[in-house]
file run.cif (mmCIF, C-alpha atoms)
data_work
loop_
_atom_site.group_PDB
_atom_site.id
_atom_site.type_symbol
_atom_site.label_atom_id
_atom_site.label_comp_id
_atom_site.auth_asym_id
_atom_site.auth_seq_id
_atom_site.Cartn_x
_atom_site.Cartn_y
_atom_site.Cartn_z
ATOM 1 C CA ASP H 181 -19.880 180.458 144.115
ATOM 2 C CA VAL H 182 -18.027 178.449 141.473
ATOM 3 C CA THR H 183 -14.291 179.150 141.388
ATOM 4 C CA CYS H 184 -12.379 179.532 138.112
ATOM 5 C CA GLN H 185 -10.449 176.318 138.732
ATOM 6 C CA GLU H 186 -13.654 174.328 139.332
ATOM 7 C CA ALA H 187 -15.233 175.861 136.232
ATOM 8 C CA ARG H 188 -12.211 174.811 134.147
ATOM 9 C CA GLN H 189 -12.443 171.284 135.550
ATOM 10 C CA GLY H 190 -16.092 171.111 134.504
ATOM 11 C CA PHE H 191 -17.545 170.729 137.999
ATOM 12 C CA VAL H 192 -20.409 172.590 139.604
ATOM 13 C CA VAL H 193 -20.228 172.724 143.407
ATOM 14 C CA PHE H 194 -23.387 172.684 145.504
ATOM 15 C CA GLN H 195 -23.092 173.837 149.112
ATOM 16 C CA SER H 196 -25.239 171.912 151.567
ATOM 17 C CA PRO H 197 -25.841 172.286 155.310
ATOM 18 C CA PHE H 198 -25.647 168.478 155.651
ATOM 19 C CA LYS H 199 -22.539 166.289 155.967
ATOM 20 C CA MET H 200 -21.722 166.504 152.274
ATOM 21 C CA SER H 201 -20.474 170.050 151.971
ATOM 22 C CA ASP H 202 -19.439 169.854 148.345
ATOM 23 C CA VAL H 203 -21.318 167.560 146.036
ATOM 24 C CA ARG H 204 -19.964 167.822 142.518
ATOM 25 C CA LEU H 205 -21.792 167.112 139.301
ATOM 26 C CA PRO H 206 -19.254 165.569 136.902
ATOM 27 C CA PRO H 207 -18.789 167.027 133.425
ATOM 28 C CA PHE H 208 -21.066 166.068 130.570
ATOM 29 C CA ARG H 209 -19.409 163.228 128.609
ATOM 30 C CA ASN H 210 -19.259 163.971 124.912
ATOM 31 C CA LEU H 211 -21.450 162.073 122.475
ATOM 32 C CA ASP H 212 -18.432 160.234 121.064
ATOM 33 C CA ASP H 213 -17.653 158.761 124.494
ATOM 34 C CA PHE H 214 -21.306 158.221 125.430
ATOM 35 C CA LEU H 215 -22.711 156.612 122.284
ATOM 36 C CA ARG H 216 -20.572 156.812 119.168
ATOM 37 C CA GLY H 217 -16.985 156.384 118.007
ATOM 38 C CA SER H 218 -14.881 155.331 120.955
ATOM 39 C CA ALA H 219 -17.879 153.900 122.813
ATOM 40 C CA ARG H 220 -17.754 150.121 123.033
ATOM 41 C CA PHE H 221 -20.803 148.042 123.815
ATOM 42 C CA SER H 222 -21.167 144.390 124.734
ATOM 43 C CA LEU H 223 -23.848 142.187 126.234
ATOM 44 C CA PRO H 224 -23.171 141.434 129.909
ATOM 45 C CA ASP H 225 -22.676 137.875 131.075
ATOM 46 C CA PRO H 226 -25.933 136.893 132.849
ATOM 47 C CA ARG H 227 -24.072 134.076 134.638
ATOM 48 C CA ASP H 228 -21.967 136.676 136.508
ATOM 49 C CA PRO H 229 -24.474 139.063 138.131
ATOM 50 C CA ALA H 230 -21.851 140.597 140.439
ATOM 51 C CA ARG H 231 -19.761 141.753 137.482
ATOM 52 C CA TRP H 232 -22.870 142.974 135.645
ATOM 53 C CA ASN H 233 -23.960 144.925 138.749
ATOM 54 C CA ASN H 234 -20.461 146.414 139.015
ATOM 55 C CA ARG H 235 -20.583 147.551 135.371
ATOM 56 C CA ILE H 236 -23.983 149.180 135.872
ATOM 57 C CA ILE H 237 -22.980 151.013 139.054
ATOM 58 C CA ASN H 238 -19.713 152.296 137.632
ATOM 59 C CA ASN H 239 -21.392 153.480 134.424
ATOM 60 C CA LEU H 240 -24.099 155.184 136.488
ATOM 61 C CA LEU H 241 -21.381 157.083 138.338
ATOM 62 C CA TYR H 242 -19.339 157.979 135.255
ATOM 63 C CA TYR H 243 -22.176 158.985 132.889
ATOM 64 C CA GLN H 244 -24.503 160.464 135.524
ATOM 65 C CA THR H 245 -24.627 163.918 133.929
ATOM 66 C CA ASN H 246 -25.546 162.390 130.560
ATOM 67 C CA TYR H 247 -28.191 160.239 132.239
ATOM 68 C CA LEU H 248 -29.578 163.296 134.012
ATOM 69 C CA ALA H 249 -29.868 165.020 130.619
ATOM 70 C CA VAL H 250 -31.770 162.004 129.217
ATOM 71 C CA VAL H 251 -34.181 162.021 132.161
ATOM 72 C CA MET H 252 -34.713 165.779 131.887
ATOM 73 C CA ALA H 253 -35.346 165.563 128.130
ATOM 74 C CA VAL H 254 -37.970 162.838 128.544
ATOM 75 C CA LEU H 255 -39.575 164.613 131.509
ATOM 76 C CA LEU H 256 -39.738 167.867 129.558
ATOM 77 C CA LEU H 257 -41.351 166.079 126.632
ATOM 78 C CA VAL H 258 -43.902 164.288 128.821
ATOM 79 C CA GLY H 259 -44.376 167.424 130.923
ATOM 80 C CA TYR H 260 -45.193 169.430 127.834
ATOM 81 C CA PHE H 261 -48.189 167.198 127.129
ATOM 82 C CA GLN H 262 -49.218 166.406 130.728
ATOM 83 C CA PRO H 263 -47.696 169.047 133.056
ATOM 84 C CA LEU H 264 -49.883 168.452 136.120
ATOM 85 C CA LYS H 265 -49.575 164.677 135.990
ATOM 86 C CA THR H 266 -45.805 164.953 135.461
ATOM 87 C CA LEU H 267 -45.463 167.077 138.597
ATOM 88 C CA LEU H 268 -47.726 164.666 140.456
ATOM 89 C CA GLY H 269 -45.617 161.687 139.314
ATOM 90 C CA GLY H 270 -42.390 163.382 140.376
ATOM 91 C CA ALA H 271 -43.851 164.313 143.754
ATOM 92 C CA VAL H 272 -45.152 160.794 144.427
ATOM 93 C CA LEU H 273 -41.847 159.147 143.474
ATOM 94 C CA THR H 274 -39.887 161.652 145.574
ATOM 95 C CA LEU H 275 -42.111 161.161 148.625
ATOM 96 C CA ILE H 276 -41.928 157.377 148.416
ATOM 97 C CA PHE H 277 -38.144 157.464 147.948
ATOM 98 C CA VAL H 278 -37.620 159.887 150.858
ATOM 99 C CA GLY H 279 -39.898 157.737 153.020
ATOM 100 C CA PHE H 280 -37.870 154.652 152.117
ATOM 101 C CA VAL H 281 -34.554 156.373 152.914
ATOM 102 C CA TRP H 282 -35.950 157.606 156.228
ATOM 103 C CA ALA H 283 -37.173 154.104 157.106
ATOM 104 C CA ALA H 284 -33.810 152.585 156.107
ATOM 105 C CA GLU H 285 -31.987 155.027 158.381
ATOM 106 C CA ASN H 286 -34.328 154.616 161.356
ATOM 107 C CA LYS H 287 -35.591 151.023 161.210
ATOM 108 C CA PRO H 288 -33.018 148.200 161.531
ATOM 109 C CA PHE H 289 -35.164 145.714 159.578
ATOM 110 C CA VAL H 290 -35.495 148.048 156.579
ATOM 111 C CA ARG H 291 -31.763 148.844 156.773
ATOM 112 C CA ARG H 292 -30.914 145.111 156.574
ATOM 113 C CA VAL H 293 -33.293 144.592 153.651
ATOM 114 C CA ARG H 294 -31.803 147.588 151.817
ATOM 115 C CA ARG H 295 -28.265 146.280 152.346
ATOM 116 C CA ASN H 296 -29.052 142.681 151.360
ATOM 117 C CA TYR H 297 -31.591 143.264 148.563
ATOM 118 C CA PRO H 298 -30.972 146.692 146.956
ATOM 119 C CA THR H 299 -32.511 145.777 143.583
ATOM 120 C CA SER H 300 -35.655 144.518 145.309
ATOM 121 C CA CYS H 301 -35.874 147.778 147.241
ATOM 122 C CA LEU H 302 -35.723 149.796 144.025
ATOM 123 C CA LEU H 303 -38.456 147.607 142.539
ATOM 124 C CA ILE H 304 -40.580 148.109 145.668
ATOM 125 C CA ILE H 305 -40.201 151.901 145.369
ATOM 126 C CA LEU H 306 -41.182 151.812 141.689
ATOM 127 C CA THR H 307 -44.096 149.427 142.300
ATOM 128 C CA ALA H 308 -45.446 151.539 145.151
ATOM 129 C CA SER H 309 -45.160 154.638 142.942
ATOM 130 C CA TYR H 310 -46.918 152.844 140.097
ATOM 131 C CA PHE H 311 -49.865 151.746 142.249
ATOM 132 C CA LEU H 312 -50.265 155.138 143.907
ATOM 133 C CA LEU H 313 -50.134 156.902 140.542
ATOM 134 C CA SER H 314 -52.609 154.432 139.042
ATOM 135 C CA LEU H 315 -55.027 155.357 141.818
ATOM 136 C CA LEU H 316 -54.500 159.012 140.925
ATOM 137 C CA GLY H 317 -54.920 158.398 137.183
ATOM 138 C CA ALA H 318 -51.354 159.187 136.141
ATOM 139 C CA MET H 319 -50.157 155.760 134.942
ATOM 140 C CA ALA H 320 -49.103 156.951 131.476
ATOM 141 C CA VAL H 321 -46.914 159.635 133.005
ATOM 142 C CA PHE H 322 -45.305 157.028 135.253
ATOM 143 C CA LEU H 323 -44.652 154.668 132.346
ATOM 144 C CA PHE H 324 -43.274 157.249 129.916
ATOM 145 C CA GLY H 325 -41.922 159.956 132.207
ATOM 146 C CA ILE H 326 -40.284 157.828 134.897
ATOM 147 C CA THR H 327 -39.948 154.205 133.807
ATOM 148 C CA PHE H 328 -38.914 154.772 130.173
ATOM 149 C CA PRO H 329 -35.856 156.939 130.951
ATOM 150 C CA MET H 330 -34.846 154.521 133.719
ATOM 151 C CA LEU H 331 -35.057 151.663 131.220
ATOM 152 C CA LEU H 332 -32.915 153.570 128.702
ATOM 153 C CA ILE H 333 -30.326 154.311 131.389
ATOM 154 C CA LEU H 334 -30.284 150.706 132.605
ATOM 155 C CA ILE H 335 -29.812 149.408 129.052
ATOM 156 C CA HIS H 336 -26.949 151.828 128.355
ATOM 157 C CA ALA H 337 -25.272 151.185 131.728
ATOM 158 C CA SER H 338 -25.556 147.422 131.163
ATOM 159 C CA LEU H 339 -24.168 147.400 127.633
ATOM 160 C CA ARG H 340 -21.494 150.133 127.790
ATOM 161 C CA LEU H 341 -18.023 148.751 128.457
ATOM 162 C CA ARG H 342 -15.876 150.782 130.819
ATOM 163 C CA ASN H 343 -12.755 152.599 129.656
ATOM 164 C CA LEU H 344 -9.659 153.629 131.638
ATOM 165 C CA LYS H 345 -10.942 157.140 132.368
ATOM 166 C CA ASN H 346 -14.206 155.644 133.657
ATOM 167 C CA LYS H 347 -12.288 153.344 136.026
ATOM 168 C CA ILE H 348 -10.084 156.169 137.372
ATOM 169 C CA GLU H 349 -13.043 158.513 137.978
ATOM 170 C CA ASN H 350 -14.968 155.762 139.778
ATOM 171 C CA LYS H 351 -11.984 154.920 141.986
ATOM 172 C CA ILE H 352 -11.736 158.587 143.032
ATOM 173 C CA GLU H 353 -15.459 158.544 143.880
ATOM 174 C CA SER H 354 -15.163 155.284 145.837
ATOM 175 C CA ILE H 355 -12.344 156.495 148.096
ATOM 176 C CA GLY H 356 -14.332 159.616 148.928
ATOM 177 C CA MET H 357 -12.169 162.272 147.281
ATOM 178 C CA LYS H 358 -15.140 163.452 145.237
ATOM 179 C CA ARG H 359 -18.861 163.233 146.040
ATOM 180 C CA THR H 360 -21.473 163.167 143.296
ATOM 181 C CA PRO H 361 -25.292 163.103 143.266
ATOM 182 C CA MET H 362 -25.364 159.567 141.809
ATOM 183 C CA GLY H 363 -22.924 158.390 144.476
ATOM 184 C CA LEU H 364 -25.263 159.719 147.154
ATOM 185 C CA LEU H 365 -28.272 158.117 145.447
ATOM 186 C CA LEU H 366 -26.486 154.757 145.253
ATOM 187 C CA GLU H 367 -25.565 155.078 148.947
ATOM 188 C CA ALA H 368 -29.220 155.686 149.790
ATOM 189 C CA LEU H 369 -30.100 152.494 147.875
ATOM 190 C CA GLY H 370 -27.406 150.503 149.712
ATOM 191 C CA GLN H 371 -24.994 150.189 146.777
ATOM 192 C CA GLU H 372 -22.061 152.220 148.138
ATOM 193 C CA GLN H 373 -19.928 149.144 148.782
ATOM 194 C CA GLU H 374 -20.132 148.147 145.116
ATOM 195 C CA ALA H 375 -19.033 151.426 143.563
ATOM 196 C CA GLY H 376 -15.499 151.657 142.308
ATOM 197 C CA SER H 377 -14.706 147.956 142.574
#
call {"tool": "encode", "arguments": {"input": "run.cif", "output": "structure tokens"}}
result
Amino acid sequence: DVTCQEARQGFVVFQSPFKMSDVRLPPFRNLDDFLRGSARFSLPDPRDPARWNNRIINNLLYYQTNYLAVVMAVLLLVGYFQPLKTLLGGAVLTLIFVGFVWAAENKPFVRRVRRNYPTSCLLIILTASYFLLSLLGAMAVFLFGITFPMLLILIHASLRLRNLKNKIENKIESIGMKRTPMGLLLEALGQEQEAGS
């Protein structure tokens, strides 16, 4: 049940039997903030990967609803032309990701690798998905339905400069006052210590 106050704030609350009892999806950021007008873009400094990583993580947290809309739009488009292979691609990626999270929670070696090399872990998940889908004949769906939206999101998150509202929202997320789906996903990939800094 969504209360009137939560509806006015633009949040949708999901109840879960797990530890996170109220995961909130942040409001959709308007197009002016996301792409046009007040949006400022700049190339990141490749000599400072920590700062670049921080920019990406904080933009992923702030624009997560917009990014979800981009992923859904591309998946709907690809799914329209290849519905079975799109479902297969989503199932394979989900199974590999859940298997990785389970291994990271239960195997100390995998947990250390996830903490020390989170980008490598993401690449391993995507590579394993790619090879499994290539065996199943769904490579095009993987490339256009999964990899293409991730590339678009990574490019936007890398180039978009943060504003004051972005910084405040991310600080609230980092101190645990508000839980979001992207925050949980970043935690599962071992990036929780980076968010909000």
call {"tool": "residues_around", "arguments": {"input": "run.cif", "residues": "Asp213 (chain H)", "least_positions_apart": "4", "cutoff": "12 Å", "atoms": "all atoms listed in the file", "output": "MDAnalysis selection string"}}
result
chainID H and resid 208:209 217:221 239 242:243 246 340:346
call {"tool": "resolve_selection", "arguments": {"input": "run.cif", "expression": "the PyMOL selection byres ((chain H and resi 250) around 12)", "output": "number ranges by chain"}}
result
H: 208, 214, 243-249, 251-257, 325-326, 328-334, 336
call {"tool": "residues_around", "arguments": {"input": "run.cif", "residues": "Leu365 (chain H)", "least_positions_apart": "2", "cutoff": "12 Å", "atoms": "only C-alpha atoms", "output": "list in words"}}
result
Val203, Ile237, Leu240, Leu241, Gln244, Phe277, Val278, Val281, Pro298, Leu302, Arg359, Thr360, Pro361, Met362, Gly363, Glu367, Ala368, Leu369, Gly370, Gln371, Glu372 and Ala375 of chain H
call {"tool": "resolve_selection", "arguments": {"input": "run.cif", "expression": "the PyMOL selection byres ((chain H and resi 223) around 10)", "output": "ChimeraX atom specification"}}
result
/H:221-222,224-226,232,335,338-341
call {"tool": "write_last_selection", "arguments": {"input": "run.cif", "atoms": "C-alpha atoms", "output": "PDB file, in the coordinates of the input"}}
result
ATOM      1  CA  PHE H 221     -20.803 148.042 123.815  1.00  0.00           C
ATOM      2  CA  SER H 222     -21.167 144.390 124.734  1.00  0.00           C
ATOM      3  CA  PRO H 224     -23.171 141.434 129.909  1.00  0.00           C
ATOM      4  CA  ASP H 225     -22.676 137.875 131.075  1.00  0.00           C
ATOM      5  CA  PRO H 226     -25.933 136.893 132.849  1.00  0.00           C
ATOM      6  CA  TRP H 232     -22.870 142.974 135.645  1.00  0.00           C
ATOM      7  CA  ILE H 335     -29.812 149.408 129.052  1.00  0.00           C
ATOM      8  CA  SER H 338     -25.556 147.422 131.163  1.00  0.00           C
ATOM      9  CA  LEU H 339     -24.168 147.400 127.633  1.00  0.00           C
ATOM     10  CA  ARG H 340     -21.494 150.133 127.790  1.00  0.00           C
ATOM     11  CA  LEU H 341     -18.023 148.751 128.457  1.00  0.00           C
TER      12      LEU H 341
END
call {"tool": "atom_distance", "arguments": {"input": "run.cif", "atom1": "CA of Val272 (chain H)", "atom2": "CA of Phe322 (chain H)"}}
result
9.9 Å
call {"tool": "closest_residue", "arguments": {"input": "run.cif", "among": "H:Leu303, H:Leu364, H:Ala230, H:Leu312", "to": "Ala271 (chain H)", "atoms": "all atoms listed in the file"}}
result
H:Leu312
call {"tool": "atom_distance", "arguments": {"input": "run.cif", "atom1": "CA of Arg235 (chain H)", "atom2": "CA of Ala337 (chain H)"}}
result
7.0 Å
call {"tool": "atom_distance", "arguments": {"input": "run.cif", "atom1": "CA of Leu306 (chain H)", "atom2": "CA of Leu215 (chain H)"}}
result
27.2 Å
call {"tool": "closest_residue", "arguments": {"input": "run.cif", "among": "H:Asn233, H:Leu268, H:Leu205, H:Val258", "to": "Leu313 (chain H)", "atoms": "all atoms listed in the file"}}
result
H:Leu268
call {"tool": "axis_aligned_box", "arguments": {"input": "run.cif", "around": "region 278-290 of chain H", "padding_each_side": "6 Å", "output": "lines of an AutoDock Vina configuration file"}}
result
center_x = -35.9
center_y = 152.8
center_z = 156.2
size_x = 19.9
size_y = 26.2
size_z = 22.7
call {"tool": "decode", "arguments": {"input": "run.cif", "residues": "region 309-322 of chain H", "atoms": "all heavy atoms", "output": "PDB file, in the first residue's frame"}}
result
ATOM      1  N   SER H 309      27.549 -14.821 -19.415  1.00  0.00           N
ATOM      2  CA  SER H 309      26.229 -14.726 -20.057  1.00  0.00           C
ATOM      3  C   SER H 309      26.366 -14.773 -21.574  1.00  0.00           C
ATOM      4  O   SER H 309      25.591 -15.456 -22.264  1.00  0.00           O
ATOM      5  CB  SER H 309      25.525 -13.427 -19.652  1.00  0.00           C
ATOM      6  OG  SER H 309      25.317 -13.384 -18.275  1.00  0.00           O
ATOM      7  N   TYR H 310      27.347 -14.039 -22.090  1.00  0.00           N
ATOM      8  CA  TYR H 310      27.564 -14.000 -23.536  1.00  0.00           C
ATOM      9  C   TYR H 310      27.855 -15.401 -24.084  1.00  0.00           C
ATOM     10  O   TYR H 310      27.261 -15.826 -25.069  1.00  0.00           O
ATOM     11  CB  TYR H 310      28.708 -13.042 -23.861  1.00  0.00           C
ATOM     12  CG  TYR H 310      29.100 -13.052 -25.312  1.00  0.00           C
ATOM     13  CD1 TYR H 310      28.331 -12.376 -26.248  1.00  0.00           C
ATOM     14  CD2 TYR H 310      30.220 -13.734 -25.749  1.00  0.00           C
ATOM     15  CE1 TYR H 310      28.678 -12.382 -27.589  1.00  0.00           C
ATOM     16  CE2 TYR H 310      30.575 -13.743 -27.082  1.00  0.00           C
ATOM     17  CZ  TYR H 310      29.803 -13.068 -28.001  1.00  0.00           C
ATOM     18  OH  TYR H 310      30.140 -13.077 -29.321  1.00  0.00           O
ATOM     19  N   PHE H 311      28.783 -16.119 -23.433  1.00  0.00           N
ATOM     20  CA  PHE H 311      29.146 -17.443 -23.942  1.00  0.00           C
ATOM     21  C   PHE H 311      27.993 -18.430 -23.820  1.00  0.00           C
ATOM     22  O   PHE H 311      27.749 -19.212 -24.732  1.00  0.00           O
ATOM     23  CB  PHE H 311      30.393 -17.976 -23.236  1.00  0.00           C
ATOM     24  CG  PHE H 311      31.647 -17.348 -23.733  1.00  0.00           C
ATOM     25  CD1 PHE H 311      32.479 -16.656 -22.875  1.00  0.00           C
ATOM     26  CD2 PHE H 311      32.007 -17.416 -25.080  1.00  0.00           C
ATOM     27  CE1 PHE H 311      33.636 -16.059 -23.353  1.00  0.00           C
ATOM     28  CE2 PHE H 311      33.156 -16.824 -25.557  1.00  0.00           C
ATOM     29  CZ  PHE H 311      33.975 -16.136 -24.683  1.00  0.00           C
ATOM     30  N   LEU H 312      27.253 -18.381 -22.734  1.00  0.00           N
ATOM     31  CA  LEU H 312      26.119 -19.290 -22.584  1.00  0.00           C
ATOM     32  C   LEU H 312      25.043 -18.972 -23.615  1.00  0.00           C
ATOM     33  O   LEU H 312      24.471 -19.882 -24.227  1.00  0.00           O
ATOM     34  CB  LEU H 312      25.553 -19.201 -21.169  1.00  0.00           C
ATOM     35  CG  LEU H 312      24.523 -20.255 -20.797  1.00  0.00           C
ATOM     36  CD1 LEU H 312      25.078 -21.658 -21.006  1.00  0.00           C
ATOM     37  CD2 LEU H 312      24.101 -20.088 -19.356  1.00  0.00           C
ATOM     38  N   LEU H 313      24.791 -17.689 -23.846  1.00  0.00           N
ATOM     39  CA  LEU H 313      23.785 -17.318 -24.846  1.00  0.00           C
ATOM     40  C   LEU H 313      24.263 -17.616 -26.269  1.00  0.00           C
ATOM     41  O   LEU H 313      23.453 -17.925 -27.140  1.00  0.00           O
ATOM     42  CB  LEU H 313      23.405 -15.851 -24.704  1.00  0.00           C
ATOM     43  CG  LEU H 313      22.533 -15.547 -23.491  1.00  0.00           C
ATOM     44  CD1 LEU H 313      22.373 -14.057 -23.309  1.00  0.00           C
ATOM     45  CD2 LEU H 313      21.189 -16.224 -23.611  1.00  0.00           C
ATOM     46  N   SER H 314      25.566 -17.538 -26.503  1.00  0.00           N
ATOM     47  CA  SER H 314      26.052 -17.891 -27.847  1.00  0.00           C
ATOM     48  C   SER H 314      25.861 -19.378 -28.111  1.00  0.00           C
ATOM     49  O   SER H 314      25.569 -19.780 -29.237  1.00  0.00           O
ATOM     50  CB  SER H 314      27.511 -17.482 -28.018  1.00  0.00           C
ATOM     51  OG  SER H 314      28.352 -18.283 -27.216  1.00  0.00           O
ATOM     52  N   LEU H 315      26.000 -20.195 -27.066  1.00  0.00           N
ATOM     53  CA  LEU H 315      25.732 -21.622 -27.223  1.00  0.00           C
ATOM     54  C   LEU H 315      24.257 -21.883 -27.504  1.00  0.00           C
ATOM     55  O   LEU H 315      23.904 -22.828 -28.195  1.00  0.00           O
ATOM     56  CB  LEU H 315      26.151 -22.384 -25.962  1.00  0.00           C
ATOM     57  CG  LEU H 315      27.647 -22.458 -25.681  1.00  0.00           C
ATOM     58  CD1 LEU H 315      27.888 -23.108 -24.327  1.00  0.00           C
ATOM     59  CD2 LEU H 315      28.357 -23.228 -26.771  1.00  0.00           C
ATOM     60  N   LEU H 316      23.401 -21.023 -26.972  1.00  0.00           N
ATOM     61  CA  LEU H 316      21.958 -21.187 -27.159  1.00  0.00           C
ATOM     62  C   LEU H 316      21.441 -20.434 -28.374  1.00  0.00           C
ATOM     63  O   LEU H 316      20.248 -20.441 -28.641  1.00  0.00           O
ATOM     64  CB  LEU H 316      21.220 -20.714 -25.902  1.00  0.00           C
ATOM     65  CG  LEU H 316      21.564 -21.479 -24.620  1.00  0.00           C
ATOM     66  CD1 LEU H 316      20.927 -20.799 -23.414  1.00  0.00           C
ATOM     67  CD2 LEU H 316      21.124 -22.927 -24.727  1.00  0.00           C
ATOM     68  N   GLY H 317      22.316 -19.744 -29.100  1.00  0.00           N
ATOM     69  CA  GLY H 317      21.919 -19.048 -30.318  1.00  0.00           C
ATOM     70  C   GLY H 317      21.213 -17.725 -30.094  1.00  0.00           C
ATOM     71  O   GLY H 317      20.410 -17.311 -30.923  1.00  0.00           O
ATOM     72  N   ALA H 318      21.491 -17.059 -29.007  1.00  0.00           N
ATOM     73  CA  ALA H 318      20.811 -15.792 -28.707  1.00  0.00           C
ATOM     74  C   ALA H 318      21.815 -14.653 -28.534  1.00  0.00           C
ATOM     75  O   ALA H 318      21.623 -13.776 -27.707  1.00  0.00           O
ATOM     76  CB  ALA H 318      19.947 -15.952 -27.468  1.00  0.00           C
ATOM     77  N   MET H 319      22.891 -14.661 -29.326  1.00  0.00           N
ATOM     78  CA  MET H 319      23.921 -13.625 -29.205  1.00  0.00           C
ATOM     79  C   MET H 319      23.391 -12.244 -29.552  1.00  0.00           C
ATOM     80  O   MET H 319      23.730 -11.266 -28.899  1.00  0.00           O
ATOM     81  CB  MET H 319      25.118 -13.943 -30.105  1.00  0.00           C
ATOM     82  CG  MET H 319      26.136 -14.804 -29.439  1.00  0.00           C
ATOM     83  SD  MET H 319      27.664 -14.861 -30.378  1.00  0.00           S
ATOM     84  CE  MET H 319      27.134 -15.489 -31.944  1.00  0.00           C
ATOM     85  N   ALA H 320      22.603 -12.119 -30.595  1.00  0.00           N
ATOM     86  CA  ALA H 320      22.095 -10.803 -31.006  1.00  0.00           C
ATOM     87  C   ALA H 320      21.244 -10.185 -29.913  1.00  0.00           C
ATOM     88  O   ALA H 320      21.313  -8.976 -29.657  1.00  0.00           O
ATOM     89  CB  ALA H 320      21.300 -10.920 -32.299  1.00  0.00           C
ATOM     90  N   VAL H 321      20.450 -11.009 -29.245  1.00  0.00           N
ATOM     91  CA  VAL H 321      19.634 -10.496 -28.145  1.00  0.00           C
ATOM     92  C   VAL H 321      20.535 -10.003 -27.024  1.00  0.00           C
ATOM     93  O   VAL H 321      20.291  -8.962 -26.424  1.00  0.00           O
ATOM     94  CB  VAL H 321      18.660 -11.589 -27.637  1.00  0.00           C
ATOM     95  CG1 VAL H 321      17.993 -11.181 -26.349  1.00  0.00           C
ATOM     96  CG2 VAL H 321      17.634 -11.886 -28.700  1.00  0.00           C
ATOM     97  N   PHE H 322      21.598 -10.752 -26.734  1.00  0.00           N
ATOM     98  CA  PHE H 322      22.528 -10.316 -25.689  1.00  0.00           C
ATOM     99  C   PHE H 322      23.157  -8.976 -26.058  1.00  0.00           C
ATOM    100  O   PHE H 322      23.210  -8.058 -25.249  1.00  0.00           O
ATOM    101  CB  PHE H 322      23.627 -11.364 -25.469  1.00  0.00           C
ATOM    102  CG  PHE H 322      24.643 -10.941 -24.442  1.00  0.00           C
ATOM    103  CD1 PHE H 322      24.372 -11.085 -23.099  1.00  0.00           C
ATOM    104  CD2 PHE H 322      25.850 -10.377 -24.828  1.00  0.00           C
ATOM    105  CE1 PHE H 322      25.291 -10.688 -22.150  1.00  0.00           C
ATOM    106  CE2 PHE H 322      26.772  -9.979 -23.898  1.00  0.00           C
ATOM    107  CZ  PHE H 322      26.497 -10.131 -22.548  1.00  0.00           C
TER     108      PHE H 322
END
